[in-house]
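*Asks:* One structure is given below, represented as structure tokens, and several questions about it will come after.
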Amino acid sequence: MTQTVMKIDDLHLSFPVSRSLLDVVQRRPGKSVNALNGVSLELQQGETLGVVGESGCGKSTLARCIVRLYEPTSGQIHFDEQNIFGAAARKDRSYNRRVQMMFQDPYSSLNPRMTTGDILAEALRVHQMRPEAEIAPRVAELLDLVRLPQDAAEKLPHEFSGGQRQRIAIARALAVEPEVLIADELVSALDVSVQAQVVNLLLELQQRLHLTILFVAHDLRLVRHVSNRVAVIYLGRIVEIGDSETLFSAPSHPYSQALLSAAPSLDPDDKGAAIQLEGELPSPLNVPPGCPFHVRCRHVTAQCRTVIPALRALEGRGEVACHHAEEINQHA
Amino acid sequence: MSDAVVTSAKSSDAPLSRLQLALRKPGFLIGAVIIGFSTLLALFPSFFAPYDPNFIDYLAVRQPPSWAHPFGTDMLGRDALSRVIHAYTVNMQMAILATVFALTIGVTIGALVGYYRGVADMIFGRVVDAIITFPFLVLVIAVVAVLGPGLIKMYIAITLVGWVYYARLMRAEVIAQMGNDYASAGIVMGYSDRRIIFRHLLPNAITPVIVYWMTDMALAILLGSSLGYLGLGAQPPHAEWGVLIAEGRNFITTAWWLSLMPGIAIVITGLGFSLIGDGLADLLRPRG
Amino acid sequence: MTDHPILEVENLCTTFSRGGTDLPAVRDVSFALCKGQVQGLVGESGSGKSVTLRSILGLARHYGEVRGSVRWQGQELTTMSERQLRKIRGREIAMIFQEPMTSLNPLLTVGTQLTETLKAHTDLGRRARRDRAIEMLDHVGIPAAASRLGEYPHQFSGGMRQRVMIAIALAASPKLLLADEPTTALDVTIQAQILDLILKLADEMSMGVVLVTHDLGVVAQTCDTVSVMYAGRVVEQGDVRQVLQTPRHPYTEGLMRSVPQDVPPRTQLYSVPGTPPSLFSLPEGCAFAPRCQAAGPACQTARPTLQDIAPGRQTACFHPLPATQEDAA
Ligand SMILES: Nc1ncnc2c1ncn2[C@@H]1O[C@H](COP(=O)(O)OP(=O)(O)OP(=O)(O)O)[C@@H](O)[C@H]1O
Ligand SMILES: Nc1ncnc2c1ncn2[C@@H]1O[C@H](COP(=O)(O)OP(=O)(O)O)[C@@H](O)[C@H]1O
Ligand code: SF4
Ligand code: SF4
Ligand SMILES: [Mg+2]
Ligand SMILES: [Mg+2]
């Protein structure tokens, strides 16, 4: 039943940091930000894969690689058996139609000088989704789909609230009838009650249109709610991936455990349950050797400081990248 | 009748209200009046000028301002007011022709290097550095010296140097706009580069360029009349402010009005363009 | 709670005028705060939380009209002169803002910024100020504090900068801390550290805290009492446990239910229908009426005022929800 639609293989991406004059004078080598350090995952047809992690861990970079906004340093992404960075795939516009992305900032993701109608019509025309005569009715249909009033077509983006703008962005993505949606912090800028409206819409549309969704967010509760599977990223690496309910109810990686327990519970009687993490995310300019988490981990051993743990299946759980996952989870 | 009322009510809420707001500012209003009137003078000089600008009257040379000749007459007895008015045609034409090609070329190149960056951008950076190290006027005069004097050649010279300033501004604006997700969204949607550059980025990036264009038109008039004064631009007997000032130069102690009046025309027109530029910045900003 | 309140806010109203119309940003906000107590202010964006904070400290009166009373240890702040207020700001009442990047001066070292505060608000000498600065950085959990005094804000990460902000705010040992979304820009793990720090310091220094946030989880984990704001008014307030566990106002309940906790995964979430009203055109009756499922005819015409419904518990609603599940049955 499950069919892989996208396969990401050992993706690495580092951004060169421009050297300051001082660096050049002192002949220091050019540095680079290692945003992705070997990410591999598979997207199954019709699922929602949640991606969580701290700010700067590489979530958006991963999302932007998938839609070819960034070029990976190494690694591959296959969609429909085809390497999307290959010459043949690049010429073919259809990838840009079949895989769509929605952005975090509802105030910058729409051209401020185009009306909603123009924005949607443009998408339809460029990909020749409909003959000219059917464009206007299709725009109306799309507005209806994301529950915007019909007079929205003549309005400019600034006339809408944040939640409504994200609906326009969703409508634009759906205009080209994509198969995969990449949602990067789609609702992070919105208030809870508006968040709920947009998430409901997304879930409903996914069912109706059989969409595959990569849902990037830092709000763990929200990710838990919408995802079938979840990947936890730390310093550009997946440290744990697995079924959403299993992962959230029993996280196996020490980082996932700390991350999940840090989310403040709605219950005032739950106070003080958080596992305090020492220190902060190390700079991606110099990723620590061995397990990237070892500088903050309570279970660190000598092995962790030198050997990078590989992602491996843990019985009854998902896949975990930790040398001591078995012992740690025995006590739990 | 009632139809007309409905349409006017409709069209009045969005774009007009902005224009009305801008016009409420005294600066923009004064600028608009000056440039509007200057344009009329440039288009219909004979309608406004009391005399033929080239009518020579040896019986009335170098007369001081009077009711019959408000700006006086020149050394050939030509009516100075009529000559200043007829000069509007050349000088306003200068404002447009000396800038519009630089604008078009600069905007296009700036948008392209701002979007693609890479090697083209590096080369562009070098060219810009090389050109802006020299004062604008010096470079233009150097080019005119090579091409020879005359209006057309002057336009070519100003364009050859002036596009750089537009391109630099446009490049910076486009790069700033690229930081907005709507540009990324265009790429993800598979839109062509041409569409993203010209349909999405350009309209959002052009505002400061248009504002600069207004000040540049003022500068172009100043530059054009300077060259005219030096004998490198418009040639006598063409009525052009710089030429007029140069003609009056020898009589500056006896017939000061001959140089002063065209000078005032330059100042007022330049002021008009600058005032409009300031107001346009507000008028063109996207709403929201 | 038998303690005498240190801060008493009564009928605080703040109005801005925009293009000739009045914008009622805050209306009739009243609450009291005791030593060592943490009071939360929650609500959707635009509901008036930040303006309330800024009105307490006398910042809002520079660009808006503030009415009502703010009593700080018996002194009226709203009518106090700017000169007198300056003595209280920083020394007795401190404030931290949401954006740690913009509230530190990028051109001055962290040490200079800390000692400057101490110079302005204490009588300590040079050496003593330096020692106190190191002590404060140490206190907020910045390792190797002495060696980092000479560093600039950009050399600190977001979480560290927020710690520095807290160190500066608390340098003069204020008795009240006004914190405007101090962790919104931070990650959950850092958020947990910062909130913990604020709570610990509030406890040690018996300092009162007013904490603005839009995250109900943060409220649940840190506050003793909470006020829920909607369209510039407090619609419900009281003990945090009572308000969150048995909300009596339909808006509070809607907010609580929108959070995806204890809901079957991938099902439709509850969401309050509609959007918040524009402050320019508030409904005549209850501001929440157009979105309220419990609304009756009275709600359309009259505005409910904040009423005591239980000891220390108030709500502004004509048809408050039942106090417990049993009552509903
Ligand atoms: N264009 C870029 N140039 C240089 N560095 C970049 C660029 N984009 C991202 N980075 C760096 O890559 C790392 C990962 O960034 P990314 O935006 O993916 O983080 P994120 O997980 O999405 O964080 P957030 O939750 O804050 O959005 C960061 O250290 C970031 O500074
Ligand atoms: N300086 C100001 N001038 C005019 N209106 C303001 C000003 N500051 C805030 N407001 C308005 O007051 C209302 C409440 O704002 P605020 O308290 O900042 O909301 P939040 O709850 O998100 O913190 C909003 O409608 C806002 O636009
Ligand atoms: S590998 Fe070692 S350091 Fe890394 S998470 Fe596991 S126990 Fe901690
Ligand atoms: S007063 Fe009426 S409209 Fe307002 S919250 Fe209560 S029931 Fe709803
Ligand atoms: Mg991101
Ligand atoms: Mg605020």
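Each chain of the structure tokens is named A, B, ... in the order shown, its residues numbered from 1; ligands are numbered from 1 in display order.
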If you run DSSP on the backbone, which residues of range 71-320 of chain A are strand (DSSP E), as an MDAnalysis selection string?
*Replies:* chainID A and resid 74:79 82:83 99:102 180:184 212:216 229:234 237:243 312:313 319:320
*Asks:* Give the residues close to ligand 1, within 9 Å, counting only C-alpha atoms and all ligand atoms; write them as a PyMOL selection string.
*Replies:* (chain A and resi 13-17+32-36+52-64+70+104+184-185+216-218+233-236+283-285) or (chain C and resi 186-187)
*Asks:* Counting only C-alpha atoms, which residue out of B:Thr39, B:Ser226, B:Ser274, B:Gln177 sits closest to chain A?
*Replies:*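 Looking at the shortest contact to chain A, the residue is B:Gln177.
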*Asks:* Within 9 Å of ligand 4 (counting only C-alpha atoms and all ligand atoms), which residues show up? I'd like them as a ChimeraX atom specification.
*Replies:* /C:235,249-251,285-300,302-305,315-321
*Asks:* When the cut-off is 9 Å and you count only C-alpha atoms and all ligand atoms, which residues lie near ligand 2, shown as number ranges by chain?
*Replies:* C: 14-18, 23-26, 41-54, 60, 62-64, 180-181, 212-214, 229-232, 278-280
*Asks:* Please write the residues from the selection above to a file, keeping N, CA, C and O atoms, as a short mmCIF file (atom, residue, chain, number, x, y, z; two decimals), in the first residue's frame.
*Replies:*
```cif
data_model
loop_
_atom_site.label_atom_id
_atom_site.label_comp_id
_atom_site.auth_asym_id
_atom_site.auth_seq_id
_atom_site.Cartn_x
_atom_site.Cartn_y
_atom_site.Cartn_z
N THR C 14 -6.07 52.76 27.68
CA THR C 14 -5.10 53.44 26.82
C THR C 14 -5.71 53.60 25.44
O THR C 14 -6.24 52.65 24.88
N THR C 15 -5.67 54.83 24.95
CA THR C 15 -6.29 55.11 23.66
C THR C 15 -5.23 55.73 22.75
O THR C 15 -4.50 56.63 23.15
N PHE C 16 -5.15 55.22 21.52
CA PHE C 16 -4.30 55.83 20.52
C PHE C 16 -5.20 56.53 19.54
O PHE C 16 -6.36 56.14 19.37
N SER C 17 -4.69 57.56 18.91
CA SER C 17 -5.55 58.12 17.86
C SER C 17 -4.83 57.95 16.54
O SER C 17 -3.63 58.15 16.42
N ARG C 18 -5.60 57.46 15.60
CA ARG C 18 -5.02 57.13 14.31
C ARG C 18 -5.88 57.74 13.23
O ARG C 18 -7.06 57.43 13.12
N LEU C 23 -8.57 54.79 18.89
CA LEU C 23 -8.36 53.35 18.87
C LEU C 23 -8.27 52.89 20.32
O LEU C 23 -7.28 53.14 21.00
N PRO C 24 -9.32 52.22 20.84
CA PRO C 24 -9.29 51.81 22.25
C PRO C 24 -8.43 50.56 22.44
O PRO C 24 -8.94 49.45 22.43
N ALA C 25 -7.12 50.75 22.61
CA ALA C 25 -6.20 49.61 22.66
C ALA C 25 -6.34 48.82 23.96
O ALA C 25 -6.23 47.60 23.97
N VAL C 26 -6.54 49.52 25.07
CA VAL C 26 -6.72 48.85 26.36
C VAL C 26 -7.90 49.49 27.08
O VAL C 26 -8.04 50.71 27.10
N LEU C 41 -0.33 37.55 31.32
CA LEU C 41 -1.29 38.24 30.45
C LEU C 41 -1.29 37.48 29.14
O LEU C 41 -0.27 37.43 28.47
N VAL C 42 -2.42 36.86 28.79
CA VAL C 42 -2.47 36.12 27.52
C VAL C 42 -3.55 36.69 26.62
O VAL C 42 -4.49 37.34 27.08
N GLY C 43 -3.46 36.35 25.36
CA GLY C 43 -4.46 36.79 24.40
C GLY C 43 -3.85 36.76 23.02
O GLY C 43 -2.63 36.64 22.86
N GLU C 44 -4.71 36.89 21.99
CA GLU C 44 -4.21 36.85 20.63
C GLU C 44 -3.46 38.14 20.30
O GLU C 44 -3.57 39.12 21.04
N SER C 45 -2.75 38.15 19.18
CA SER C 45 -1.97 39.33 18.86
C SER C 45 -2.93 40.49 18.61
O SER C 45 -4.00 40.32 18.02
N GLY C 46 -2.57 41.65 19.11
CA GLY C 46 -3.42 42.82 18.99
C GLY C 46 -4.42 42.97 20.10
O GLY C 46 -5.22 43.90 20.10
N SER C 47 -4.38 42.08 21.09
CA SER C 47 -5.40 42.15 22.14
C SER C 47 -5.04 43.18 23.22
O SER C 47 -5.83 43.43 24.11
N GLY C 48 -3.84 43.74 23.17
CA GLY C 48 -3.51 44.83 24.09
C GLY C 48 -2.55 44.46 25.20
O GLY C 48 -2.37 45.24 26.14
N LYS C 49 -1.91 43.32 25.10
CA LYS C 49 -1.01 42.88 26.17
C LYS C 49 0.19 43.81 26.32
O LYS C 49 0.47 44.31 27.40
N SER C 50 0.88 44.05 25.22
CA SER C 50 2.09 44.90 25.29
C SER C 50 1.74 46.32 25.70
O SER C 50 2.48 46.95 26.47
N VAL C 51 0.63 46.83 25.18
CA VAL C 51 0.24 48.20 25.52
C VAL C 51 -0.03 48.30 27.01
O VAL C 51 0.34 49.28 27.66
N THR C 52 -0.64 47.26 27.58
CA THR C 52 -0.88 47.26 29.03
C THR C 52 0.45 47.40 29.77
O THR C 52 0.59 48.25 30.66
N LEU C 53 1.43 46.59 29.41
CA LEU C 53 2.73 46.66 30.07
C LEU C 53 3.34 48.05 29.93
O LEU C 53 3.87 48.61 30.88
N ARG C 54 3.29 48.56 28.69
CA ARG C 54 3.91 49.85 28.44
C ARG C 54 3.18 50.97 29.17
O ARG C 54 3.79 51.99 29.51
N ALA C 60 3.64 54.28 27.38
CA ALA C 60 2.57 54.47 26.41
C ALA C 60 2.06 55.91 26.39
O ALA C 60 1.54 56.38 25.39
N HIS C 62 3.56 58.53 26.10
CA HIS C 62 4.26 59.38 25.13
C HIS C 62 3.57 59.40 23.77
O HIS C 62 3.77 60.31 22.99
N TYR C 63 2.84 58.34 23.46
CA TYR C 63 2.20 58.32 22.15
C TYR C 63 0.73 57.96 22.21
O TYR C 63 0.09 57.73 21.20
N GLY C 64 0.17 57.91 23.40
CA GLY C 64 -1.25 57.60 23.53
C GLY C 64 -1.78 58.25 24.79
O GLY C 64 -1.03 58.86 25.56
N ASP C 180 7.85 41.18 28.41
CA ASP C 180 6.99 41.11 27.22
C ASP C 180 7.48 40.00 26.30
O ASP C 180 8.47 40.17 25.60
N GLU C 181 6.79 38.89 26.30
CA GLU C 181 7.14 37.73 25.47
C GLU C 181 8.65 37.46 25.50
O GLU C 181 9.29 37.46 24.46
N VAL C 212 3.96 38.65 29.80
CA VAL C 212 3.09 38.67 28.64
C VAL C 212 3.48 37.53 27.72
O VAL C 212 4.67 37.31 27.47
N THR C 213 2.50 36.77 27.27
CA THR C 213 2.80 35.68 26.34
C THR C 213 1.54 35.36 25.56
O THR C 213 0.45 35.76 25.93
N HIS C 214 1.69 34.65 24.45
CA HIS C 214 0.48 34.16 23.80
C HIS C 214 0.41 32.65 23.89
O HIS C 214 -0.47 32.03 23.32
N MET C 229 -6.94 38.36 27.81
CA MET C 229 -7.40 39.60 27.17
C MET C 229 -8.02 39.34 25.81
O MET C 229 -7.58 38.46 25.08
N TYR C 230 -9.04 40.11 25.50
CA TYR C 230 -9.67 40.03 24.19
C TYR C 230 -10.08 41.44 23.79
O TYR C 230 -10.78 42.12 24.54
N ALA C 231 -9.64 41.88 22.63
CA ALA C 231 -9.97 43.21 22.11
C ALA C 231 -9.79 44.31 23.15
O ALA C 231 -10.65 45.17 23.31
N GLY C 232 -8.69 44.28 23.87
CA GLY C 232 -8.36 45.36 24.79
C GLY C 232 -8.91 45.21 26.20
O GLY C 232 -8.60 46.02 27.06
N SER C 278 -12.00 44.44 14.54
CA SER C 278 -11.11 45.58 14.44
C SER C 278 -11.42 46.53 15.58
O SER C 278 -12.58 46.76 15.91
N LEU C 279 -10.38 47.09 16.19
CA LEU C 279 -10.61 47.99 17.32
C LEU C 279 -11.32 49.27 16.88
O LEU C 279 -11.88 50.00 17.68
N PHE C 280 -11.28 49.54 15.58
CA PHE C 280 -11.96 50.73 15.05
C PHE C 280 -13.47 50.56 15.05
O PHE C 280 -14.21 51.51 15.12
#
```
*Asks:* Could you please select, counting only C-alpha atoms, the residues of chain A within 8 Å of chain C and state them as a PDB file with N, CA, C and O atoms, in the first residue's frame?
*Replies:*
```pdb
ATOM      1  N   GLU A  54      15.454  22.301  16.763  1.00  0.00           N
ATOM      2  CA  GLU A  54      15.653  23.677  17.210  1.00  0.00           C
ATOM      3  C   GLU A  54      15.944  24.595  16.030  1.00  0.00           C
ATOM      4  O   GLU A  54      16.366  24.137  14.971  1.00  0.00           O
ATOM      5  N   SER A  55      15.783  25.867  16.264  1.00  0.00           N
ATOM      6  CA  SER A  55      16.060  26.854  15.234  1.00  0.00           C
ATOM      7  C   SER A  55      17.511  26.752  14.765  1.00  0.00           C
ATOM      8  O   SER A  55      18.417  26.619  15.578  1.00  0.00           O
ATOM      9  N   ASP A 191      -1.661  33.074  15.344  1.00  0.00           N
ATOM     10  CA  ASP A 191      -2.175  32.818  16.688  1.00  0.00           C
ATOM     11  C   ASP A 191      -2.842  31.446  16.759  1.00  0.00           C
ATOM     12  O   ASP A 191      -3.333  30.945  15.754  1.00  0.00           O
ATOM     13  N   VAL A 192      -2.889  30.874  17.971  1.00  0.00           N
ATOM     14  CA  VAL A 192      -3.419  29.507  18.103  1.00  0.00           C
ATOM     15  C   VAL A 192      -4.740  29.267  17.409  1.00  0.00           C
ATOM     16  O   VAL A 192      -4.904  28.251  16.732  1.00  0.00           O
ATOM     17  N   SER A 193      -5.693  30.175  17.589  1.00  0.00           N
ATOM     18  CA  SER A 193      -7.016  29.870  17.039  1.00  0.00           C
ATOM     19  C   SER A 193      -6.973  29.911  15.511  1.00  0.00           C
ATOM     20  O   SER A 193      -7.650  29.126  14.843  1.00  0.00           O
ATOM     21  N   VAL A 194      -6.146  30.784  14.955  1.00  0.00           N
ATOM     22  CA  VAL A 194      -6.010  30.838  13.498  1.00  0.00           C
ATOM     23  C   VAL A 194      -5.208  29.637  13.016  1.00  0.00           C
ATOM     24  O   VAL A 194      -5.506  29.044  11.978  1.00  0.00           O
ATOM     25  N   ALA A 196      -5.273  26.733  14.243  1.00  0.00           N
ATOM     26  CA  ALA A 196      -6.186  25.600  14.194  1.00  0.00           C
ATOM     27  C   ALA A 196      -6.979  25.612  12.890  1.00  0.00           C
ATOM     28  O   ALA A 196      -7.146  24.578  12.238  1.00  0.00           O
ATOM     29  N   GLN A 197      -7.428  26.792  12.472  1.00  0.00           N
ATOM     30  CA  GLN A 197      -8.199  26.872  11.225  1.00  0.00           C
ATOM     31  C   GLN A 197      -7.369  26.420  10.027  1.00  0.00           C
ATOM     32  O   GLN A 197      -7.831  25.663   9.184  1.00  0.00           O
ATOM     33  N   VAL A 199      -4.602  24.550  10.022  1.00  0.00           N
ATOM     34  CA  VAL A 199      -4.252  23.131  10.125  1.00  0.00           C
ATOM     35  C   VAL A 199      -5.446  22.258   9.726  1.00  0.00           C
ATOM     36  O   VAL A 199      -5.298  21.270   9.000  1.00  0.00           O
ATOM     37  N   ASN A 200      -6.626  22.635  10.176  1.00  0.00           N
ATOM     38  CA  ASN A 200      -7.825  21.887   9.780  1.00  0.00           C
ATOM     39  C   ASN A 200      -7.971  21.849   8.269  1.00  0.00           C
ATOM     40  O   ASN A 200      -8.256  20.811   7.678  1.00  0.00           O
ATOM     41  N   LEU A 203      -5.397  19.473   6.722  1.00  0.00           N
ATOM     42  CA  LEU A 203      -5.731  18.066   6.921  1.00  0.00           C
ATOM     43  C   LEU A 203      -6.860  17.636   5.993  1.00  0.00           C
ATOM     44  O   LEU A 203      -6.822  16.568   5.388  1.00  0.00           O
ATOM     45  N   HIS A 218       8.347  24.060  14.486  1.00  0.00           N
ATOM     46  CA  HIS A 218       9.020  23.860  15.755  1.00  0.00           C
ATOM     47  C   HIS A 218       8.019  23.665  16.883  1.00  0.00           C
ATOM     48  O   HIS A 218       8.402  23.403  18.004  1.00  0.00           O
ATOM     49  N   ARG A 221       3.563  20.125  19.603  1.00  0.00           N
ATOM     50  CA  ARG A 221       2.179  19.656  19.723  1.00  0.00           C
ATOM     51  C   ARG A 221       1.501  19.604  18.366  1.00  0.00           C
ATOM     52  O   ARG A 221       0.777  18.673  18.044  1.00  0.00           O
ATOM     53  N   LEU A 222       1.784  20.653  17.567  1.00  0.00           N
ATOM     54  CA  LEU A 222       1.157  20.747  16.261  1.00  0.00           C
ATOM     55  C   LEU A 222       1.672  19.643  15.338  1.00  0.00           C
ATOM     56  O   LEU A 222       0.908  18.999  14.624  1.00  0.00           O
ATOM     57  N   ARG A 224       2.865  16.792  16.228  1.00  0.00           N
ATOM     58  CA  ARG A 224       2.299  15.534  16.686  1.00  0.00           C
ATOM     59  C   ARG A 224       0.888  15.365  16.134  1.00  0.00           C
ATOM     60  O   ARG A 224       0.495  14.290  15.709  1.00  0.00           O
ATOM     61  N   HIS A 225       0.155  16.467  16.135  1.00  0.00           N
ATOM     62  CA  HIS A 225      -1.237  16.378  15.710  1.00  0.00           C
ATOM     63  C   HIS A 225      -1.386  16.049  14.227  1.00  0.00           C
ATOM     64  O   HIS A 225      -2.243  15.260  13.860  1.00  0.00           O
ATOM     65  N   VAL A 226      -0.544  16.646  13.377  1.00  0.00           N
ATOM     66  CA  VAL A 226      -0.782  16.471  11.943  1.00  0.00           C
ATOM     67  C   VAL A 226      -0.011  15.319  11.323  1.00  0.00           C
ATOM     68  O   VAL A 226      -0.347  14.869  10.231  1.00  0.00           O
ATOM     69  N   SER A 227       1.040  14.812  11.996  1.00  0.00           N
ATOM     70  CA  SER A 227       1.949  13.900  11.299  1.00  0.00           C
ATOM     71  C   SER A 227       1.605  12.427  11.488  1.00  0.00           C
ATOM     72  O   SER A 227       1.085  12.018  12.519  1.00  0.00           O
ATOM     73  N   ALA A 258      14.694  15.249  25.580  1.00  0.00           N
ATOM     74  CA  ALA A 258      14.821  16.588  26.158  1.00  0.00           C
ATOM     75  C   ALA A 258      13.926  17.585  25.428  1.00  0.00           C
ATOM     76  O   ALA A 258      13.248  18.405  26.041  1.00  0.00           O
ATOM     77  N   LEU A 259      13.921  17.474  24.102  1.00  0.00           N
ATOM     78  CA  LEU A 259      13.137  18.412  23.297  1.00  0.00           C
ATOM     79  C   LEU A 259      11.653  18.300  23.646  1.00  0.00           C
ATOM     80  O   LEU A 259      10.966  19.286  23.876  1.00  0.00           O
ATOM     81  N   ALA A 262      10.673  19.649  26.997  1.00  0.00           N
ATOM     82  CA  ALA A 262      10.790  21.101  27.161  1.00  0.00           C
ATOM     83  C   ALA A 262       9.520  21.827  26.744  1.00  0.00           C
ATOM     84  O   ALA A 262       9.291  22.954  27.147  1.00  0.00           O
ATOM     85  N   ALA A 263       8.680  21.199  25.934  1.00  0.00           N
ATOM     86  CA  ALA A 263       7.447  21.843  25.494  1.00  0.00           C
ATOM     87  C   ALA A 263       6.549  22.034  26.702  1.00  0.00           C
ATOM     88  O   ALA A 263       6.221  21.074  27.382  1.00  0.00           O
ATOM     89  N   PRO A 264       6.177  23.284  27.005  1.00  0.00           N
ATOM     90  CA  PRO A 264       5.415  23.512  28.230  1.00  0.00           C
ATOM     91  C   PRO A 264       4.028  22.900  28.149  1.00  0.00           C
ATOM     92  O   PRO A 264       3.285  23.130  27.205  1.00  0.00           O
ATOM     93  N   SER A 265       3.689  22.108  29.149  1.00  0.00           N
ATOM     94  CA  SER A 265       2.388  21.449  29.180  1.00  0.00           C
ATOM     95  C   SER A 265       1.301  22.438  29.557  1.00  0.00           C
ATOM     96  O   SER A 265       1.543  23.403  30.269  1.00  0.00           O
ATOM     97  N   LEU A 266       0.104  22.172  29.075  1.00  0.00           N
ATOM     98  CA  LEU A 266      -1.035  23.048  29.365  1.00  0.00           C
ATOM     99  C   LEU A 266      -1.554  22.840  30.783  1.00  0.00           C
ATOM    100  O   LEU A 266      -2.402  23.578  31.243  1.00  0.00           O
ATOM    101  N   ASP A 267      -1.039  21.808  31.440  1.00  0.00           N
ATOM    102  CA  ASP A 267      -1.561  21.473  32.749  1.00  0.00           C
ATOM    103  C   ASP A 267      -0.659  22.068  33.829  1.00  0.00           C
ATOM    104  O   ASP A 267       0.490  21.670  33.970  1.00  0.00           O
ATOM    105  N   PRO A 268      -1.189  23.035  34.603  1.00  0.00           N
ATOM    106  CA  PRO A 268      -0.350  23.691  35.616  1.00  0.00           C
ATOM    107  C   PRO A 268       0.185  22.702  36.658  1.00  0.00           C
ATOM    108  O   PRO A 268       1.176  22.985  37.311  1.00  0.00           O
ATOM    109  N   ASP A 269      -0.446  21.547  36.798  1.00  0.00           N
ATOM    110  CA  ASP A 269       0.022  20.585  37.793  1.00  0.00           C
ATOM    111  C   ASP A 269       1.213  19.780  37.313  1.00  0.00           C
ATOM    112  O   ASP A 269       1.809  19.020  38.062  1.00  0.00           O
ATOM    113  N   ASP A 270       1.555  19.949  36.006  1.00  0.00           N
ATOM    114  CA  ASP A 270       2.660  19.206  35.408  1.00  0.00           C
ATOM    115  C   ASP A 270       4.009  19.877  35.609  1.00  0.00           C
ATOM    116  O   ASP A 270       4.969  19.536  34.947  1.00  0.00           O
ATOM    117  N   LYS A 271       4.066  20.864  36.464  1.00  0.00           N
ATOM    118  CA  LYS A 271       5.263  21.708  36.557  1.00  0.00           C
ATOM    119  C   LYS A 271       6.532  20.925  36.814  1.00  0.00           C
ATOM    120  O   LYS A 271       6.542  19.940  37.526  1.00  0.00           O
ATOM    121  N   GLY A 272       7.607  21.415  36.217  1.00  0.00           N
ATOM    122  CA  GLY A 272       8.928  20.906  36.555  1.00  0.00           C
ATOM    123  C   GLY A 272       9.248  19.528  36.022  1.00  0.00           C
ATOM    124  O   GLY A 272      10.166  18.874  36.477  1.00  0.00           O
ATOM    125  N   ALA A 274      10.254  18.988  33.016  1.00  0.00           N
ATOM    126  CA  ALA A 274      11.187  19.111  31.900  1.00  0.00           C
ATOM    127  C   ALA A 274      12.572  18.585  32.243  1.00  0.00           C
ATOM    128  O   ALA A 274      13.072  18.773  33.335  1.00  0.00           O
ATOM    129  N   GLN A 276      16.141  19.340  31.873  1.00  0.00           N
ATOM    130  CA  GLN A 276      16.881  20.549  31.520  1.00  0.00           C
ATOM    131  C   GLN A 276      18.067  20.182  30.643  1.00  0.00           C
ATOM    132  O   GLN A 276      18.865  19.329  30.981  1.00  0.00           O
ATOM    133  N   LEU A 277      18.134  20.839  29.493  1.00  0.00           N
ATOM    134  CA  LEU A 277      19.279  20.628  28.605  1.00  0.00           C
ATOM    135  C   LEU A 277      20.358  21.612  28.983  1.00  0.00           C
ATOM    136  O   LEU A 277      20.101  22.800  29.106  1.00  0.00           O
ATOM    137  N   GLU A 280      23.535  25.199  24.804  1.00  0.00           N
ATOM    138  CA  GLU A 280      22.727  25.453  23.622  1.00  0.00           C
ATOM    139  C   GLU A 280      23.266  24.697  22.433  1.00  0.00           C
ATOM    140  O   GLU A 280      24.332  24.103  22.483  1.00  0.00           O
TER     141      GLU A 280
END
```
*Asks:* If we count only C-alpha atoms, which residues of chain A reach to within 7 Å of chain B? Please list them as an MDAnalysis selection string.
*Replies:* chainID A and resid 67 93 96:97 100:101 103 108:113 126 158
*Asks:* Could you turn the residues from that selection into a file that holds C-alpha atoms, as a compact mmCIF listing (two decimals), in the first residue's frame?
*Replies:*
```
# COMPACT_ATOMS: atom_id res chain seq x y z
CA VAL A 67 12.14 22.28 -4.02
CA ARG A 93 9.19 22.04 -15.50
CA ASN A 96 8.06 22.42 -10.07
CA ARG A 97 4.41 21.73 -10.56
CA GLN A 100 5.02 22.73 -4.10
CA MET A 101 6.25 24.71 -1.14
CA PHE A 103 6.54 29.57 3.33
CA SER A 108 6.56 38.27 2.38
CA SER A 109 5.48 35.20 0.47
CA LEU A 110 2.96 37.01 -1.73
CA ASN A 111 3.85 39.67 -4.28
CA PRO A 112 2.46 42.86 -2.69
CA ARG A 113 1.53 44.31 -6.08
CA VAL A 126 2.22 29.22 -16.58
CA HIS A 158 -2.13 43.69 2.38
```
*Asks:* Env of Gln113 in chain C: 10 Å cut, atoms = only C-alpha atoms, seq-sep filter 3 positions within chain, self excluded. Answer as JSON, numbers by chain.
*Replies:* {"C": [104, 105, 107, 108, 109, 110, 116, 117, 118, 119, 133, 149, 152, 153, 164, 165, 168]}
*Asks:* Need the shell around Pro64 in chain B: protein/DNA/RNA residues with any atom at most 9 Å away, counting only C-alpha atoms. Skip same-chain ones fewer than 6 positions apart. Format as a list in words?
*Replies:*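 In the requested format, the answer is Pro70, Phe71, Gly72, Thr73, Ala255, Trp256 and Trp257 of chain B.
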